[in-house]
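J.: work-v6.pdb is reproduced in full below (PDB, C-alpha atoms).
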ATOM      1  CA  MET A   1      52.079  -6.291  41.377
ATOM      2  CA  SER A   2      52.033  -3.341  43.746
ATOM      3  CA  THR A   3      49.070  -3.223  46.079
ATOM      4  CA  ASP A   4      48.893   0.505  45.412
ATOM      5  CA  LEU A   5      47.690  -0.231  41.868
ATOM      6  CA  LEU A   6      44.845  -2.565  42.873
ATOM      7  CA  PRO A   7      42.290   0.110  43.704
ATOM      8  CA  GLU A   8      42.909   1.912  40.375
ATOM      9  CA  THR A   9      42.730  -1.330  38.378
ATOM     10  CA  ALA A  10      39.502  -2.313  40.075
ATOM     11  CA  PHE A  11      38.066   1.132  39.463
ATOM     12  CA  ARG A  12      38.913   0.966  35.761
ATOM     13  CA  LYS A  13      37.323  -2.456  35.432
ATOM     14  CA  LEU A  14      34.234  -1.157  37.156
ATOM     15  CA  GLN A  15      34.249   1.933  34.904
ATOM     16  CA  TRP A  16      34.464  -0.113  31.714
ATOM     17  CA  GLY A  17      31.827  -2.465  33.008
ATOM     18  CA  LEU A  18      29.445   0.448  33.591
ATOM     19  CA  VAL A  19      30.181   1.817  30.112
ATOM     20  CA  GLY A  20      29.348  -1.557  28.590
ATOM     21  CA  MET A  21      26.142  -1.866  30.588
ATOM     22  CA  THR A  22      25.142   1.683  29.643
ATOM     23  CA  SER A  23      25.644   0.902  25.943
ATOM     24  CA  ILE A  24      23.485  -2.203  26.235
ATOM     25  CA  VAL A  25      20.742  -0.265  28.027
ATOM     26  CA  VAL A  26      20.816   2.451  25.329
ATOM     27  CA  LEU A  27      20.511  -0.176  22.573
ATOM     28  CA  ILE A  28      17.579  -1.815  24.377
ATOM     29  CA  ILE A  29      15.811   1.541  24.768
ATOM     30  CA  CYS A  30      16.342   2.422  21.076
ATOM     31  CA  ALA A  31      15.056  -0.986  20.000
ATOM     32  CA  TRP A  32      12.011  -0.631  22.272
ATOM     33  CA  GLN A  33      11.255   2.827  20.889
ATOM     34  CA  THR A  34      11.488   1.533  17.317
ATOM     35  CA  VAL A  35       9.175  -1.398  18.028
ATOM     36  CA  HIS A  36       6.799   0.823  19.990
ATOM     37  CA  GLU A  37       6.615   3.398  17.205
ATOM     38  CA  ARG A  38       5.986   0.758  14.552
ATOM     39  CA  SER A  39       3.371  -1.036  16.620
ATOM     40  CA  GLU A  40       1.695   2.295  17.269
ATOM     41  CA  THR A  41       1.512   3.493  13.672
ATOM     42  CA  GLY A  42       2.124   0.278  11.759
ATOM     43  CA  ALA A  43       3.443   2.320   8.813
ATOM     44  CA  VAL A  44       6.939   1.438   7.616
ATOM     45  CA  PRO A  45       8.855   3.897   5.372
ATOM     46  CA  LEU A  46      10.404   2.156   2.375
ATOM     47  CA  PRO A  47      13.840   2.931   0.889
ATOM     48  CA  ARG A  48      13.766   6.019  -1.299
ATOM     49  CA  ALA A  49      13.237   5.304  -4.993
ATOM     50  CA  ASP A  50      11.775   6.890  -8.110
ATOM     51  CA  TYR A  51       8.146   6.313  -7.182
ATOM     52  CA  GLN A  52       6.993   9.442  -9.022
ATOM     53  CA  ASN A  53       7.489   7.841 -12.434
ATOM     54  CA  ALA A  54       5.912   4.591 -11.295
ATOM     55  CA  LEU A  55       2.814   6.430 -10.136
ATOM     56  CA  ARG A  56       2.229   8.254 -13.407
ATOM     57  CA  GLY A  57      -0.922   7.254 -15.217
ATOM     58  CA  ALA A  58      -2.625   6.382 -11.961
ATOM     59  CA  ARG A  59      -6.324   5.569 -11.939
ATOM     60  CA  PHE A  60      -7.783   7.712  -9.180
ATOM     61  CA  VAL A  61     -10.974   6.798  -7.369
ATOM     62  CA  VAL A  62     -10.797   9.715  -4.931
ATOM     63  CA  GLY A  63      -9.000  13.010  -5.535
ATOM     64  CA  ASP A  64      -6.072  13.456  -7.918
ATOM     65  CA  GLU A  65      -2.289  13.800  -8.081
ATOM     66  CA  ASN A  66      -2.411  17.293  -6.525
ATOM     67  CA  ARG A  67      -3.131  16.012  -3.015
ATOM     68  CA  ARG A  68      -0.249  15.479  -0.604
ATOM     69  CA  PHE A  69      -0.915  11.832   0.208
ATOM     70  CA  CYS A  70      -1.667   9.163  -2.355
ATOM     71  CA  VAL A  71      -3.132   5.948  -0.971
ATOM     72  CA  ILE A  72      -2.399   3.017  -3.270
ATOM     73  CA  GLU A  73      -4.445  -0.130  -2.978
ATOM     74  CA  PHE A  74      -3.576  -3.452  -4.603
ATOM     75  CA  PHE A  75      -6.593  -5.701  -4.681
ATOM     76  CA  ASP A  76      -8.376  -8.562  -6.382
ATOM     77  CA  TYR A  77     -12.117  -8.286  -7.008
ATOM     78  CA  GLU A  78     -12.695 -11.877  -5.895
ATOM     79  CA  CYS A  79     -10.525 -11.643  -2.774
ATOM     80  CA  ALA A  80     -12.823 -11.911   0.262
ATOM     81  CA  PRO A  81     -10.661  -9.733   2.584
ATOM     82  CA  CYS A  82     -10.459  -7.115  -0.181
ATOM     83  CA  ARG A  83     -14.235  -6.950  -0.388
ATOM     84  CA  LEU A  84     -14.393  -6.268   3.336
ATOM     85  CA  ILE A  85     -11.635  -3.699   3.823
ATOM     86  CA  VAL A  86     -11.413  -1.832   0.493
ATOM     87  CA  PRO A  87     -14.740   0.031   0.950
ATOM     88  CA  LYS A  88     -13.555   1.132   4.419
ATOM     89  CA  VAL A  89     -10.296   2.509   3.020
ATOM     90  CA  ARG A  90     -12.149   4.406   0.323
ATOM     91  CA  ALA A  91     -14.547   5.887   2.884
ATOM     92  CA  MET A  92     -11.585   6.935   5.033
ATOM     93  CA  VAL A  93      -9.867   8.690   2.136
ATOM     94  CA  LEU A  94     -13.111  10.458   1.259
ATOM     95  CA  SER A  95     -13.243  11.814   4.808
ATOM     96  CA  SER A  96      -9.604  13.012   4.811
ATOM     97  CA  GLN A  97     -10.660  16.630   4.122
ATOM     98  CA  GLY A  98      -8.731  16.820   0.867
ATOM     99  CA  LYS A  99      -5.431  15.523   2.272
ATOM    100  CA  ALA A 100      -5.412  12.246   0.385
ATOM    101  CA  SER A 101      -6.214  10.739  -2.976
ATOM    102  CA  LEU A 102      -6.813   7.079  -3.680
ATOM    103  CA  GLU A 103      -5.640   5.105  -6.661
ATOM    104  CA  VAL A 104      -6.360   1.474  -7.405
ATOM    105  CA  ARG A 105      -3.982  -1.154  -8.722
ATOM    106  CA  ASN A 106      -5.157  -4.570  -9.820
ATOM    107  CA  PHE A 107      -3.494  -7.709  -8.527
ATOM    108  CA  PRO A 108      -5.582 -10.531 -10.047
ATOM    109  CA  LEU A 109      -4.787 -13.788  -8.268
ATOM    110  CA  ARG A 110      -4.635 -16.951 -10.370
ATOM    111  CA  MET A 111      -6.803 -18.880  -7.921
ATOM    112  CA  HIS A 112      -9.804 -16.685  -8.758
ATOM    113  CA  PRO A 113     -11.518 -17.555 -12.062
ATOM    114  CA  HIS A 114     -12.778 -14.071 -12.967
ATOM    115  CA  ALA A 115     -10.006 -11.955 -11.428
ATOM    116  CA  LEU A 116      -8.004 -11.340 -14.610
ATOM    117  CA  GLN A 117     -11.071 -10.453 -16.707
ATOM    118  CA  LEU A 118     -12.286  -8.041 -14.040
ATOM    119  CA  ALA A 119      -8.868  -6.400 -13.818
ATOM    120  CA  GLN A 120      -8.642  -6.055 -17.596
ATOM    121  CA  ILE A 121     -11.986  -4.286 -17.782
ATOM    122  CA  ALA A 122     -11.291  -2.059 -14.772
ATOM    123  CA  CYS A 123      -7.998  -0.704 -16.072
ATOM    124  CA  VAL A 124      -9.346   0.574 -19.406
ATOM    125  CA  LEU A 125     -12.438   2.401 -18.131
ATOM    126  CA  ASP A 126     -12.586   6.147 -17.587
ATOM    127  CA  ARG A 127     -13.350   7.388 -14.099
ATOM    128  CA  THR A 128     -17.118   7.565 -14.482
ATOM    129  CA  ASP A 129     -17.446   4.123 -16.056
ATOM    130  CA  PHE A 130     -14.945   2.676 -13.577
ATOM    131  CA  GLU A 131     -17.000   3.824 -10.601
ATOM    132  CA  ALA A 132     -20.108   2.215 -12.067
ATOM    133  CA  PHE A 133     -18.272  -1.020 -12.823
ATOM    134  CA  ASP A 134     -16.245  -1.132  -9.618
ATOM    135  CA  SER A 135     -19.179  -0.767  -7.237
ATOM    136  CA  LYS A 136     -20.838  -3.822  -8.773
ATOM    137  CA  ALA A 137     -17.740  -5.934  -9.404
ATOM    138  CA  ILE A 138     -16.698  -5.753  -5.761
ATOM    139  CA  ALA A 139     -20.132  -6.879  -4.561
ATOM    140  CA  LEU A 140     -21.448  -9.436  -7.075
ATOM    141  CA  GLU A 141     -20.769 -13.167  -7.176
ATOM    142  CA  GLY A 142     -21.692 -16.217  -9.235
ATOM    143  CA  LYS A 143     -24.063 -15.784 -12.157
ATOM    144  CA  GLU A 144     -24.581 -12.078 -11.415
ATOM    145  CA  LEU A 145     -20.852 -11.517 -11.806
ATOM    146  CA  ASP A 146     -20.877 -13.544 -15.048
ATOM    147  CA  ARG A 147     -23.620 -11.303 -16.419
ATOM    148  CA  LEU A 148     -21.674  -8.182 -15.449
ATOM    149  CA  LEU A 149     -18.608  -9.451 -17.311
ATOM    150  CA  ASP A 150     -20.633 -10.370 -20.389
ATOM    151  CA  SER A 151     -22.250  -6.931 -20.434
ATOM    152  CA  TRP A 152     -18.966  -5.019 -20.235
ATOM    153  CA  HIS A 153     -17.235  -7.307 -22.720
ATOM    154  CA  GLU A 154     -20.006  -6.645 -25.217
ATOM    155  CA  GLN A 155     -19.877  -2.889 -24.635
ATOM    156  CA  LEU A 156     -16.077  -2.650 -24.864
ATOM    157  CA  ASN A 157     -15.865  -4.841 -27.964
ATOM    158  CA  LYS A 158     -18.367  -2.528 -29.612
ATOM    159  CA  ASP A 159     -17.014   0.855 -28.502
ATOM    160  CA  HIS A 160     -13.304   0.110 -28.111
ATOM    161  CA  PRO A 161     -12.167  -2.902 -30.195
ATOM    162  CA  ALA A 162      -8.520  -2.566 -29.075
ATOM    163  CA  TRP A 163      -9.386  -2.504 -25.372
ATOM    164  CA  LEU A 164      -7.857  -5.875 -24.544
ATOM    165  CA  ALA A 165      -4.449  -4.923 -25.959
ATOM    166  CA  GLU A 166      -4.580  -1.674 -23.978
ATOM    167  CA  ALA A 167      -5.507  -3.617 -20.854
ATOM    168  CA  ARG A 168      -2.500  -5.908 -21.190
ATOM    169  CA  VAL A 169      -0.148  -2.924 -21.435
ATOM    170  CA  LYS A 170      -1.672  -1.225 -18.394
ATOM    171  CA  LEU A 171      -1.622  -4.374 -16.309
ATOM    172  CA  GLU A 172       2.043  -4.855 -17.148
ATOM    173  CA  LEU A 173       2.783  -1.357 -15.815
ATOM    174  CA  GLU A 174       0.881  -2.222 -12.646
ATOM    175  CA  ASN A 175       2.898  -5.436 -12.366
ATOM    176  CA  ARG A 176       6.116  -3.406 -12.451
ATOM    177  CA  LEU A 177       4.980  -1.182  -9.596
ATOM    178  CA  ARG A 178       3.858  -4.251  -7.684
ATOM    179  CA  ALA A 179       7.307  -5.782  -8.147
ATOM    180  CA  GLN A 180       9.010  -2.542  -7.100
ATOM    181  CA  LEU A 181       6.976  -2.474  -3.875
ATOM    182  CA  ALA A 182       7.357  -6.240  -3.334
ATOM    183  CA  VAL A 183       3.596  -6.792  -3.081
ATOM    184  CA  ARG A 184       2.855 -10.443  -2.391
ATOM    185  CA  SER A 185      -0.800 -10.541  -1.360
ATOM    186  CA  THR A 186      -4.135  -8.745  -1.437
ATOM    187  CA  PRO A 187      -5.248  -6.432  -0.123
ATOM    188  CA  SER A 188      -2.027  -4.407   0.205
ATOM    189  CA  PHE A 189      -1.894  -0.700   0.951
ATOM    190  CA  PHE A 190       0.772   1.961   0.586
ATOM    191  CA  VAL A 191       0.777   5.704   1.115
ATOM    192  CA  PHE A 192       3.048   8.024  -0.857
ATOM    193  CA  ASP A 193       3.835  11.397   0.697
ATOM    194  CA  HIS A 194       4.407  13.723  -2.262
ATOM    195  CA  LEU A 195       5.826  16.446  -0.006
ATOM    196  CA  LYS A 196       8.533  14.268   1.563
ATOM    197  CA  GLY A 197       8.938  11.855  -1.331
ATOM    198  CA  ILE A 198       8.495   8.888   1.020
ATOM    199  CA  MET A 199       6.543   5.697   0.369
ATOM    200  CA  TYR A 200       5.014   3.958   3.407
ATOM    201  CA  LYS A 201       3.960   0.339   3.564
ATOM    202  CA  CYS A 202       0.747   0.127   5.589
ATOM    203  CA  PRO A 203      -0.244  -3.342   6.817
ATOM    204  CA  THR A 204      -3.433  -2.120   8.511
ATOM    205  CA  LEU A 205      -6.176   0.434   8.061
ATOM    206  CA  ASP A 206      -4.917   2.235  11.168
ATOM    207  CA  ALA A 207      -1.503   2.504   9.532
ATOM    208  CA  VAL A 208      -3.001   4.223   6.502
ATOM    209  CA  ARG A 209      -4.926   6.561   8.775
ATOM    210  CA  SER A 210      -1.846   7.389  10.865
ATOM    211  CA  VAL A 211       0.191   8.512   7.852
ATOM    212  CA  ILE A 212      -2.586  10.710   6.488
ATOM    213  CA  SER A 213      -3.261  12.277   9.889
ATOM    214  CA  SER A 214       0.438  13.026  10.452
ATOM    215  CA  ALA A 215       0.193  16.205   8.331
TER     216      ALA A 215
END
Hey, can you dump this file as C-alpha cells for me?
T.:
Amino acid sequence: MSTDLLPETAFRKLQWGLVGMTSIVVLIICAWQTVHERSETGAVPLPRADYQNALRGARFVVGDENRRFCVIEFFDYECAPCRLIVPKVRAMVLSSQGKASLEVRNFPLRMHPHALQLAQIACVLDRTDFEAFDSKAIALEGKELDRLLDSWHEQLNKDHPAWLAEARVKLELENRLRAQLAVRSTPSFFVFDHLKGIMYKCPTLDAVRSVISSA
C-alpha cells in the first residue's frame, strides 16, 4: 500500500469515528430530554383513539363536556389511597378557573366487600343525589357504611325498581373504557384534551395539574 494513502485513510477512519460518536451523543441527549420531560410533567400521551365515543354519558362531578380538559378518575370507594387523593384532585379541578371538568369512573375491586354495591348505586344517581351519596361513601366505614348502603338500597328500590339492571349496563360501559385505557389499579387518573384530541395518562397529582396548566 502506498504511504501516500495512509494519511487519507487515517483521516477517513477518524471522520467516521467522529460521526459515530456524534450520533451516539445525539441519541443520549434525546433520551435524556425525553426522560427529563416525563419526570418533570409525569403525563404520558397515549396513542390516538376514539376516546370521544367512550367518554359519552360521562358522570360529571365538576363542570361539563364543554370544558377543554376532562379529568377522568377511576376509583374504588373502599380503596384507602383513593380516599386520600381523590378529594385533592376534585379540589384542584374546582380551582382550575373553568379549564377542566371532572368525571368519575368506578373500578370496584373484588377485595373490598362493599365496593361493587357502592359503585352500582353511584352510577345510577343524578348529579345532585350523587354528590350527597359520594361525600359520605368516600368517608364512612364499618357499620356507618352499612347503614348508608341500606338507606340508598331502600330508596332506589322504592323510586327506581329497575335501578340494578341500569347499574349493570353502566358499569359494563365503564369496564370497556377501563380496558381501553389499560387501567389496572386505583386510583388512576387521565386527562383528555378535547382541543387536541389527546388522552394523557397521569400517574401523579402533579401530572394532572401540569396538563391542565399547559393551556
J.: Neighbouring residues of A:Leu177 were defined as those with any atom within 8 Å, considering only C-alpha atoms; residues of the same chain fewer than 4 positions away were excluded. Please report them as JSON, numbers by chain.
T.: {"A": [54, 55, 173, 181]}
J.: Compile the contact shell of A:Val89 as JSON, numbers by chain: residues with an atom at most 10 Å away, counting only C-alpha atoms, same-chain residues fewer than 4 positions apart removed.
T.: {"A": [71, 73, 84, 85, 93, 94, 95, 102, 189, 204, 205, 206, 208, 209]}
J.: Write the selection just made, keeping C-alpha atoms, as a CSV table (one decimal), in the frame of the given file?
T.:
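To be explicit, this is the file written out as selection.csv:
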chain,number,residue,atom,x,y,z
A,71,VAL,CA,-3.1,5.9,-1.0
A,73,GLU,CA,-4.4,-0.1,-3.0
A,84,LEU,CA,-14.4,-6.3,3.3
A,85,ILE,CA,-11.6,-3.7,3.8
A,93,VAL,CA,-9.9,8.7,2.1
A,94,LEU,CA,-13.1,10.5,1.3
A,95,SER,CA,-13.2,11.8,4.8
A,102,LEU,CA,-6.8,7.1,-3.7
A,189,PHE,CA,-1.9,-0.7,1.0
A,204,THR,CA,-3.4,-2.1,8.5
A,205,LEU,CA,-6.2,0.4,8.1
A,206,ASP,CA,-4.9,2.2,11.2
A,208,VAL,CA,-3.0,4.2,6.5
A,209,ARG,CA,-4.9,6.6,8.8
J.: To test your reading of the syntax: which residues would the PyMOL selection byres ((chain A and resi 188) around 12) return for the file shown? Reply as a PyMOL selection string.
T.: chain A and resi 71-76+79+81-82+85-86+89+104-107+178+181-187+189-191+200-205+207-208
J.: Carefully work through the PyMOL selection byres ((chain A and resi 196) around 12) for this structure and note down the residues it includes, as number ranges by chain.
T.: A: 45, 48, 51-52, 68-69, 191-195, 197-200, 211, 215
J.: Report, in Å with one decimal, the straight-line distance from atom CA of A:Arg168 to atom CA of A:Leu118.
T.: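 Rounded to one decimal, the two atoms are 12.3 Å apart.
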J.: At a cut-off of 8 Å, using only C-alpha atoms, what residues contact A:Val124? Leave out same-chain residues fewer than 4 positions from it and give the result as an MDAnalysis selection string.
T.: chainID A and resid 120 163 166:167 170
J.: Using the selection just defined, write its residues with C-alpha atoms as a CSV table (one decimal), in the coordinates of the input.
T.:
chain,number,residue,atom,x,y,z
A,120,GLN,CA,-8.6,-6.1,-17.6
A,163,TRP,CA,-9.4,-2.5,-25.4
A,166,GLU,CA,-4.6,-1.7,-24.0
A,167,ALA,CA,-5.5,-3.6,-20.9
A,170,LYS,CA,-1.7,-1.2,-18.4
J.: Work out how far atom CA of A:Tyr77 is from atom CA of A:Ile138, in Å to one decimal.
T.: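 Taking atom CA of A:Ile138 and atom CA of A:Tyr77, their separation equals 5.4 Å.
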J.: I need the residue nearest A:Asp159 from this list: A:Gln180, A:Arg83, A:Ala137, A:Leu125. Use all atoms listed in the file for the distance.
T.: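 Comparing A:Gln180, A:Arg83, A:Ala137, A:Leu125 against A:Asp159, the winner is A:Leu125.
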J.: So, counting all atoms listed in the file, which residue among A:Glu144, A:Trp152, A:Pro87, A:Lys99 is closest to A:Ser213?
T.: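 Of the candidates, the smallest distance to A:Ser213 is held by A:Lys99.
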J.: May I have the protein, DNA and RNA residues with an atom at most 12 Å from (-15.7, -10.6, -22.9), counting all atoms listed in the file in the file's coordinates, returned as a list in words?
T.: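 Applying the cut-off with all atoms listed in the file, one gets His114, Leu116, Gln117, Leu118, Gln120, Ile121, Asp146, Arg147, Leu148, Leu149, Asp150, Ser151, Trp152, His153, Glu154, Gln155, Leu156, Asn157, Lys158, Pro161, Trp163 and Leu164 of chain A.
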J.: Could you state the separation of atom CA of A:Gly98 and atom CA of A:Glu65 in Å, given to one decimal place?
T.: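 Computing it gives 11.4 Å between the two atoms.
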J.: Calculated over all atoms listed in the file, which of the candidates A:Gln97, A:Ala80, A:Arg127, A:Pro113 has the smallest distance to A:Gly142?
T.: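 Between A:Gln97, A:Ala80, A:Arg127, A:Pro113, the residue approaching A:Gly142 most closely is A:Pro113.
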J.: Between A:Ile212, A:Ala165, A:Ala179, A:Leu46, which residue has the minimum interatomic distance to A:Cys123, considering all atoms listed in the file?
T.: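 Of all the options, A:Ala165 lies closest to A:Cys123.
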J.: Specify the axis-aligned box that encloses all atoms of stretch 196-210 of chain A listed in the file after padding of 3 Å on each side, stating its centre and edge lengths in Å to one decimal as lines of an AutoDock Vina configuration file.
T.:
center_x = 1.4
center_y = 5.5
center_z = 4.9
size_x = 21.1
size_y = 23.6
size_z = 18.5
J.: Considering all atoms listed in the file, state which residue in the set A:Lys88, A:Ser210, A:Val62, A:Leu109 is at the smallest distance from A:Val44.
T.: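 Once distances to A:Val44 are computed over all atoms listed in the file, the minimum belongs to A:Ser210.
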J.: Pick out the closest residue to A:Glu78 from this set: A:Ser101, A:Glu141, A:Phe133, A:Arg90. Count all atoms listed in the file.
T.: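 The shortest atom-to-atom distance to A:Glu78 comes from A:Glu141.
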